[in-house]
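Heads up, the thing below is written out as structure tokens.
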Amino acid sequence: MTKTFAVIGDPIDHSLSPNIHNAAFKALGMDCTYIAYRIPRGELKEGIESLKQIKISGFNVTIPHKIEMMKYLDESSEECKIIGAANTVTNENDMLVGYNTDMDGFLEPIKKRNIAIKGEDVLLLGAGGAARAIAAGFAKEKARKITIANRTKEKGQELAKFAASLGAESNEITLDEAGQNAGNYKFIVNATAVGLKNEPSPISTNAINSQSVVYDIVYMPMNTDLITQSKKKSATVIYGYEMLLGQACLAFEIWHKIKAPHDAMRKVLLGGF
């Protein structure tokens with residue numbers, strides 16, 4: 001019997017996850033399929049019930065459900081508990097087990113480039129589920145300081161407290177201050193959805209320079225305004241698709257207990273741009 005997997009979120013029509021996972025299934029000759037399933041904000045409980053009814057084998061979780069998903073899990077991994085958000089779920093006999101591949105998926109492209117994190121300062125834009133995982137990753141790798149800039153001050157302060165609880169020095173500033181001071185940070189990470197609709201960068205890029213490492217987790221379009229402007233400043237850029245690929249491989253391995261066909265997944269992903 002064909003096993004079905006999905007990605008849930010809203011918006012979801014931009015997602016490349018179905019292409020990536022279906023390419024993996026094809027490469028390995030697996031009797032599985034992967035779909036995108038839109039669940040609007042506020043309808044997560046009903047959406048999960050619908051997935052259970054079609055005997056979903058597993059699913060990924062994206063904006064805006066990563067944090068709320070924790071309420072509907074029967075069990076969760078250590079990373080989930082620390083981060084307080086889930087992005088990968090297995091379903092066995094209606095028992096939902098949550099995992100978080102955001103942290104390791106995010107860190108992978110930095111490590112592949114041999115860029116040191118220990119002792120460096122980080123500017124993190126956003127305070128949602130992905131931002132929590134990224135803050136946890138930087139804390140784990142012993143970044144010196146994590147500065148949070150978010151549209152709503154309260155959420156920014158909450159994430160700064162979370163980062164501090166993991167042992168990283170942390171503070172919260174406005175997006176305007178972030179733009180003015182961007183040159184003071186080694187890492188500048190966009191963990192907001194700004195860029196998905198080709199909007200201008202969430203912060204001014206004037207202070208970004210050749211010493212900056214700019215990482216935008218928005219993967220569609222690949223060249224967001226933040227990435228495009230940062231290239232002009234000779235910054236090192238890391239694309240959102242790299243994190244997506246890292247996450248996808250980890251999710252695949254959680255679900256299927258075999259090594260993901262990385263090359264096949266990367267090939268179809270880059271063909272999507």
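FYI, nothing fancy with the structure tokens labels: chains A, B, ... in order, residues from 1 per chain, ligands from 1 as they appear.
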Give me the residues of range 80-162 of chain A that have any atom at most 10 Å from an atom of range 190-214 of chain A; for each, the nearest atom pair and the distance in Å, rounded to one decimal. Use only C-alpha atoms, sort by chain and number, and format it as CSV.
residue,atom,partner,partner_atom,distance
A:Ile110,CA,A:Val213,CA,9.3
A:Ile115,CA,A:Val213,CA,9.0
A:Val122,CA,A:Val213,CA,9.6
A:Leu123,CA,A:Asn190,CA,8.6
A:Leu124,CA,A:Asn190,CA,6.3
A:Leu125,CA,A:Asn190,CA,4.9
A:Gly126,CA,A:Thr192,CA,4.9
A:Ala127,CA,A:Ala191,CA,7.5
A:Gly128,CA,A:Thr192,CA,7.6
A:Gly129,CA,A:Ala191,CA,9.0
A:Ala130,CA,A:Ala191,CA,6.3
A:Ala131,CA,A:Ala191,CA,5.5
A:Arg132,CA,A:Ala191,CA,9.3
A:Ala133,CA,A:Ala191,CA,9.9
A:Ile134,CA,A:Ala191,CA,8.2
A:Ala149,CA,A:Ile203,CA,9.4
A:Asn150,CA,A:Thr192,CA,8.6
A:Arg151,CA,A:Pro202,CA,9.4
DSSP-assigned alpha helix (DSSP H) members of range 200-234 of chain A, reported as a PDB file with N, CA and C atoms, in the first residue's frame:
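New file part.pdb:
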ATOM      1  N   ASP A 225      15.683  39.849  -1.834  1.00  0.00           N
ATOM      2  CA  ASP A 225      16.309  41.174  -1.864  1.00  0.00           C
ATOM      3  C   ASP A 225      17.485  41.236  -0.882  1.00  0.00           C
ATOM      4  N   LEU A 226      17.326  40.628   0.293  1.00  0.00           N
ATOM      5  CA  LEU A 226      18.419  40.615   1.274  1.00  0.00           C
ATOM      6  C   LEU A 226      19.658  39.935   0.691  1.00  0.00           C
ATOM      7  N   ILE A 227      19.477  38.792   0.030  1.00  0.00           N
ATOM      8  CA  ILE A 227      20.604  38.071  -0.582  1.00  0.00           C
ATOM      9  C   ILE A 227      21.221  38.905  -1.706  1.00  0.00           C
ATOM     10  N   THR A 228      20.387  39.453  -2.563  1.00  0.00           N
ATOM     11  CA  THR A 228      20.868  40.234  -3.710  1.00  0.00           C
ATOM     12  C   THR A 228      21.695  41.437  -3.253  1.00  0.00           C
ATOM     13  N   GLN A 229      21.178  42.174  -2.268  1.00  0.00           N
ATOM     14  CA  GLN A 229      21.897  43.358  -1.775  1.00  0.00           C
ATOM     15  C   GLN A 229      23.184  42.962  -1.045  1.00  0.00           C
ATOM     16  N   SER A 230      23.150  41.838  -0.344  1.00  0.00           N
ATOM     17  CA  SER A 230      24.336  41.379   0.400  1.00  0.00           C
ATOM     18  C   SER A 230      25.453  40.953  -0.544  1.00  0.00           C
ATOM     19  N   LYS A 231      25.081  40.338  -1.685  1.00  0.00           N
ATOM     20  CA  LYS A 231      26.088  39.975  -2.689  1.00  0.00           C
ATOM     21  C   LYS A 231      26.817  41.221  -3.195  1.00  0.00           C
ATOM     22  N   LYS A 232      26.067  42.303  -3.374  1.00  0.00           N
ATOM     23  CA  LYS A 232      26.673  43.556  -3.843  1.00  0.00           C
ATOM     24  C   LYS A 232      27.702  44.095  -2.847  1.00  0.00           C
TER      25      LYS A 232
END
Notebook entry, point to check: Which residues come within 6 Å of Lys66 in chain A, counting only C-alpha atoms, excluding same-chain residues fewer than 3 positions away, as a list of chain:residue names?
Noted result: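 Answer for this query is A:Val61, A:Thr62, A:Met69, A:Ala85, A:Ala86, A:Asn87, A:Gly129.
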Output all heavy atoms of each residue in that selection to a file, as a PDB file, in the first residue's frame.
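Final file, again_34.pdb:
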ATOM      1  N   VAL A  61       6.037  20.301   9.064  1.00  0.00           N
ATOM      2  CA  VAL A  61       5.238  21.428   9.549  1.00  0.00           C
ATOM      3  C   VAL A  61       5.997  22.716   9.258  1.00  0.00           C
ATOM      4  O   VAL A  61       7.184  22.832   9.584  1.00  0.00           O
ATOM      5  CB  VAL A  61       5.006  21.318  11.072  1.00  0.00           C
ATOM      6  CG1 VAL A  61       4.052  22.409  11.554  1.00  0.00           C
ATOM      7  CG2 VAL A  61       4.472  19.936  11.437  1.00  0.00           C
ATOM      8  N   THR A  62       5.319  23.673   8.624  1.00  0.00           N
ATOM      9  CA  THR A  62       5.965  24.950   8.341  1.00  0.00           C
ATOM     10  C   THR A  62       5.098  26.095   8.863  1.00  0.00           C
ATOM     11  O   THR A  62       4.117  25.867   9.593  1.00  0.00           O
ATOM     12  CB  THR A  62       6.305  25.066   6.837  1.00  0.00           C
ATOM     13  OG1 THR A  62       7.084  26.233   6.632  1.00  0.00           O
ATOM     14  CG2 THR A  62       5.072  25.094   5.955  1.00  0.00           C
ATOM     15  N   MET A  69       2.018  23.099  16.962  1.00  0.00           N
ATOM     16  CA  MET A  69       2.033  21.651  16.724  1.00  0.00           C
ATOM     17  C   MET A  69       2.384  20.874  17.993  1.00  0.00           C
ATOM     18  O   MET A  69       1.925  19.735  18.195  1.00  0.00           O
ATOM     19  CB  MET A  69       3.045  21.330  15.607  1.00  0.00           C
ATOM     20  CG  MET A  69       3.057  19.872  15.158  1.00  0.00           C
ATOM     21  SD  MET A  69       1.518  19.384  14.352  1.00  0.00           S
ATOM     22  CE  MET A  69       1.254  17.787  15.130  1.00  0.00           C
ATOM     23  N   ALA A  85       9.171  23.688  19.437  1.00  0.00           N
ATOM     24  CA  ALA A  85       8.552  23.706  18.114  1.00  0.00           C
ATOM     25  C   ALA A  85       8.872  22.393  17.408  1.00  0.00           C
ATOM     26  O   ALA A  85       9.919  21.799  17.641  1.00  0.00           O
ATOM     27  CB  ALA A  85       9.079  24.887  17.297  1.00  0.00           C
ATOM     28  N   ALA A  86       7.944  21.962  16.542  1.00  0.00           N
ATOM     29  CA  ALA A  86       8.144  20.725  15.783  1.00  0.00           C
ATOM     30  C   ALA A  86       8.002  21.014  14.295  1.00  0.00           C
ATOM     31  O   ALA A  86       7.131  21.777  13.889  1.00  0.00           O
ATOM     32  CB  ALA A  86       7.114  19.682  16.197  1.00  0.00           C
ATOM     33  N   ASN A  87       8.857  20.393  13.482  1.00  0.00           N
ATOM     34  CA  ASN A  87       8.712  20.568  12.023  1.00  0.00           C
ATOM     35  C   ASN A  87       8.636  19.228  11.283  1.00  0.00           C
ATOM     36  O   ASN A  87       8.451  19.210  10.080  1.00  0.00           O
ATOM     37  CB  ASN A  87       9.847  21.431  11.448  1.00  0.00           C
ATOM     38  CG  ASN A  87      11.147  20.663  11.298  1.00  0.00           C
ATOM     39  OD1 ASN A  87      11.399  19.698  12.015  1.00  0.00           O
ATOM     40  ND2 ASN A  87      11.975  21.093  10.369  1.00  0.00           N
ATOM     41  N   GLY A 129       8.916  29.958  15.189  1.00  0.00           N
ATOM     42  CA  GLY A 129       9.418  28.610  15.451  1.00  0.00           C
ATOM     43  C   GLY A 129      10.784  28.349  14.855  1.00  0.00           C
ATOM     44  O   GLY A 129      11.660  27.759  15.501  1.00  0.00           O
TER      45      GLY A 129
END
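Residues within 7 Å of Ile20 in chain A, counting only C-alpha atoms and excluding same-chain residues fewer than 6 positions away, are Met265, Val268 and Leu269 of chain A.
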Restrict the selected residues to C-alpha atoms and save them as a PDB file, in the first residue's frame.
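Contents of the output file part.pdb:
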ATOM      1  CA  MET A 265      17.028  15.586  -3.817  1.00  0.00           C
ATOM      2  CA  VAL A 268      15.389  18.375  -8.301  1.00  0.00           C
ATOM      3  CA  LEU A 269      15.509  21.207  -5.773  1.00  0.00           C
TER       4      LEU A 269
END
At most 7 Å is the cut-off: for each residue in range 58-129 of chain A with any atom that close to an atom of range 236-259 of chain A, write down the nearest atom pair and the distance in Å rounded to one decimal, counting only C-alpha atoms, chain first then increasing number, as a tab-separated table.
residue	atom	partner	partner_atom	distance
A:Gly58	CA	A:Trp255	CA	6.9
A:Thr88	CA	A:Ala251	CA	6.3
A:Thr90	CA	A:Trp255	CA	6.6
A:Thr101	CA	A:Gln247	CA	5.3
A:Asp102	CA	A:Gln247	CA	6.1
A:Gly105	CA	A:Gly246	CA	4.3
A:Phe106	CA	A:Met243	CA	4.9
A:Glu108	CA	A:Gly246	CA	6.6
A:Pro109	CA	A:Glu242	CA	6.3
Just the selected residues (C-alpha atoms), exported as a compact mmCIF listing (two decimals), in the first residue's frame, please.
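The new file part03.txt reads:
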# COMPACT_ATOMS: atom_id res chain seq x y z
CA GLY A 58 4.34 11.42 8.43
CA THR A 88 8.69 16.79 11.40
CA THR A 90 5.70 10.55 12.40
CA THR A 101 15.25 19.15 12.07
CA ASP A 102 15.43 22.95 11.78
CA GLY A 105 19.37 21.53 8.95
CA PHE A 106 20.20 25.19 9.51
CA GLU A 108 24.74 22.13 8.09
CA PRO A 109 25.54 24.71 5.33
Note to self: Among range 195-260 of chain A, which residues does DSSP mark as strand (DSSP E or B) when it is run on the backbone? Keep the chain and numbering as in the structure and answer as a list in words.
What the structure shows: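 Answer for range 195-260 of chain A restricted to strand (DSSP E or B) is Val213, Val214, Tyr215, Asp216, Thr236, Val237 and Ile238 of chain A.
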Go ahead and save the picked residues with all heavy atoms, as an mmCIF file, in the first residue's frame.
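The resulting file, out_16.cif, is reproduced below:
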data_model
loop_
_atom_site.group_PDB
_atom_site.id
_atom_site.type_symbol
_atom_site.label_atom_id
_atom_site.label_comp_id
_atom_site.auth_asym_id
_atom_site.auth_seq_id
_atom_site.Cartn_x
_atom_site.Cartn_y
_atom_site.Cartn_z
ATOM 1 N N VAL A 213 28.327 37.240 7.102
ATOM 2 C CA VAL A 213 27.764 35.994 6.573
ATOM 3 C C VAL A 213 26.249 36.170 6.632
ATOM 4 O O VAL A 213 25.662 36.241 7.716
ATOM 5 C CB VAL A 213 28.185 34.767 7.416
ATOM 6 C CG1 VAL A 213 27.527 33.496 6.868
ATOM 7 C CG2 VAL A 213 29.701 34.621 7.435
ATOM 8 N N VAL A 214 25.620 36.277 5.470
ATOM 9 C CA VAL A 214 24.182 36.558 5.403
ATOM 10 C C VAL A 214 23.448 35.288 4.969
ATOM 11 O O VAL A 214 23.737 34.727 3.913
ATOM 12 C CB VAL A 214 23.895 37.720 4.428
ATOM 13 C CG1 VAL A 214 22.388 37.975 4.341
ATOM 14 C CG2 VAL A 214 24.621 38.987 4.879
ATOM 15 N N TYR A 215 22.509 34.881 5.796
ATOM 16 C CA TYR A 215 21.809 33.596 5.603
ATOM 17 C C TYR A 215 20.314 33.902 5.622
ATOM 18 O O TYR A 215 19.785 34.379 6.621
ATOM 19 C CB TYR A 215 22.200 32.694 6.769
ATOM 20 C CG TYR A 215 21.874 31.213 6.682
ATOM 21 C CD1 TYR A 215 22.652 30.296 7.398
ATOM 22 C CD2 TYR A 215 20.799 30.707 5.961
ATOM 23 C CE1 TYR A 215 22.385 28.938 7.372
ATOM 24 C CE2 TYR A 215 20.526 29.351 5.923
ATOM 25 C CZ TYR A 215 21.315 28.458 6.639
ATOM 26 O OH TYR A 215 21.039 27.110 6.613
ATOM 27 N N ASP A 216 19.641 33.665 4.503
ATOM 28 C CA ASP A 216 18.195 33.921 4.418
ATOM 29 C C ASP A 216 17.486 32.589 4.297
ATOM 30 O O ASP A 216 17.707 31.849 3.340
ATOM 31 C CB ASP A 216 17.890 34.797 3.190
ATOM 32 C CG ASP A 216 16.488 35.401 3.243
ATOM 33 O OD1 ASP A 216 15.609 34.804 3.898
ATOM 34 O OD2 ASP A 216 16.278 36.460 2.636
ATOM 35 N N THR A 236 29.467 36.898 2.379
ATOM 36 C CA THR A 236 29.267 35.472 2.140
ATOM 37 C C THR A 236 27.773 35.212 2.279
ATOM 38 O O THR A 236 27.172 35.604 3.287
ATOM 39 C CB THR A 236 30.031 34.631 3.173
ATOM 40 O OG1 THR A 236 31.426 34.870 3.018
ATOM 41 C CG2 THR A 236 29.749 33.149 3.017
ATOM 42 N N VAL A 237 27.148 34.579 1.291
ATOM 43 C CA VAL A 237 25.709 34.330 1.390
ATOM 44 C C VAL A 237 25.437 32.831 1.476
ATOM 45 O O VAL A 237 26.139 32.017 0.887
ATOM 46 C CB VAL A 237 24.910 34.956 0.222
ATOM 47 C CG1 VAL A 237 25.130 36.463 0.154
ATOM 48 C CG2 VAL A 237 25.236 34.305 -1.101
ATOM 49 N N ILE A 238 24.403 32.495 2.262
ATOM 50 C CA ILE A 238 23.926 31.121 2.372
ATOM 51 C C ILE A 238 22.441 31.145 2.026
ATOM 52 O O ILE A 238 21.678 31.943 2.568
ATOM 53 C CB ILE A 238 24.155 30.540 3.780
ATOM 54 C CG1 ILE A 238 25.649 30.597 4.148
ATOM 55 C CG2 ILE A 238 23.638 29.108 3.864
ATOM 56 C CD1 ILE A 238 25.975 30.092 5.545
#
Next item on the list: Take CA of Phe5 in chain A and CA of Tyr34 in chain A and report the distance between them in Å, one decimal.
Entry: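 Separation between CA of Phe5 in chain A and CA of Tyr34 in chain A: 4.5 Å.
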Note to self: I want to know what sits within 9 Å of Ser170 in chain A, based on only C-alpha atoms, with residues of the same chain fewer than 3 positions away left out; could you give that as an MDAnalysis selection string?
What the structure shows: chainID A and resid 144:148 159:164 167
Can you spit out the residues from that selection as a PDB file, in the first residue's frame, using N, CA, C and O atoms?
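Dumped to out-v2.pdb:
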ATOM      1  N   ARG A 144      28.919  33.955  20.703  1.00  0.00           N
ATOM      2  CA  ARG A 144      29.139  34.847  21.854  1.00  0.00           C
ATOM      3  C   ARG A 144      27.845  35.556  22.264  1.00  0.00           C
ATOM      4  O   ARG A 144      27.475  35.587  23.430  1.00  0.00           O
ATOM      5  N   LYS A 145      27.179  36.132  21.262  1.00  0.00           N
ATOM      6  CA  LYS A 145      25.974  36.916  21.569  1.00  0.00           C
ATOM      7  C   LYS A 145      24.967  36.770  20.443  1.00  0.00           C
ATOM      8  O   LYS A 145      25.329  36.758  19.270  1.00  0.00           O
ATOM      9  N   ILE A 146      23.681  36.643  20.806  1.00  0.00           N
ATOM     10  CA  ILE A 146      22.601  36.555  19.823  1.00  0.00           C
ATOM     11  C   ILE A 146      21.667  37.739  20.044  1.00  0.00           C
ATOM     12  O   ILE A 146      21.066  37.884  21.114  1.00  0.00           O
ATOM     13  N   THR A 147      21.580  38.596  19.038  1.00  0.00           N
ATOM     14  CA  THR A 147      20.701  39.765  19.103  1.00  0.00           C
ATOM     15  C   THR A 147      19.465  39.491  18.259  1.00  0.00           C
ATOM     16  O   THR A 147      19.573  39.143  17.087  1.00  0.00           O
ATOM     17  N   ILE A 148      18.301  39.655  18.861  1.00  0.00           N
ATOM     18  CA  ILE A 148      17.030  39.372  18.181  1.00  0.00           C
ATOM     19  C   ILE A 148      16.399  40.688  17.725  1.00  0.00           C
ATOM     20  O   ILE A 148      16.259  41.628  18.514  1.00  0.00           O
ATOM     21  N   LEU A 159      12.165  35.583  22.844  1.00  0.00           N
ATOM     22  CA  LEU A 159      13.191  34.751  22.215  1.00  0.00           C
ATOM     23  C   LEU A 159      14.573  35.058  22.796  1.00  0.00           C
ATOM     24  O   LEU A 159      15.392  34.154  22.964  1.00  0.00           O
ATOM     25  N   ALA A 160      14.820  36.328  23.114  1.00  0.00           N
ATOM     26  CA  ALA A 160      16.103  36.705  23.731  1.00  0.00           C
ATOM     27  C   ALA A 160      16.269  35.996  25.081  1.00  0.00           C
ATOM     28  O   ALA A 160      17.348  35.492  25.409  1.00  0.00           O
ATOM     29  N   LYS A 161      15.181  35.916  25.845  1.00  0.00           N
ATOM     30  CA  LYS A 161      15.221  35.203  27.137  1.00  0.00           C
ATOM     31  C   LYS A 161      15.500  33.715  26.915  1.00  0.00           C
ATOM     32  O   LYS A 161      16.244  33.083  27.660  1.00  0.00           O
ATOM     33  N   PHE A 162      14.860  33.151  25.878  1.00  0.00           N
ATOM     34  CA  PHE A 162      15.063  31.739  25.547  1.00  0.00           C
ATOM     35  C   PHE A 162      16.527  31.473  25.209  1.00  0.00           C
ATOM     36  O   PHE A 162      17.131  30.518  25.713  1.00  0.00           O
ATOM     37  N   ALA A 163      17.122  32.330  24.365  1.00  0.00           N
ATOM     38  CA  ALA A 163      18.537  32.164  23.986  1.00  0.00           C
ATOM     39  C   ALA A 163      19.435  32.267  25.216  1.00  0.00           C
ATOM     40  O   ALA A 163      20.390  31.496  25.378  1.00  0.00           O
ATOM     41  N   ALA A 164      19.109  33.218  26.099  1.00  0.00           N
ATOM     42  CA  ALA A 164      19.897  33.389  27.328  1.00  0.00           C
ATOM     43  C   ALA A 164      19.794  32.147  28.221  1.00  0.00           C
ATOM     44  O   ALA A 164      20.769  31.747  28.858  1.00  0.00           O
ATOM     45  N   GLY A 167      22.351  29.635  27.529  1.00  0.00           N
ATOM     46  CA  GLY A 167      23.738  29.975  27.830  1.00  0.00           C
ATOM     47  C   GLY A 167      24.368  31.023  26.933  1.00  0.00           C
ATOM     48  O   GLY A 167      25.550  31.347  27.081  1.00  0.00           O
TER      49      GLY A 167
END
Next item on the list: Determine the nearest neighbour of Ile83 in chain A from the options A:Ser165, A:Met222, A:Phe25, A:Leu51, counting only C-alpha atoms.
Entry: A:Ser165
Item checked: Residue nearest Ser15 in chain A - candidates A:Arg38, A:Lys55, A:Arg266, A:Lys3, atoms counted: only C-alpha atoms ->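 So, comparing all the options, the nearest one is A:Arg38.
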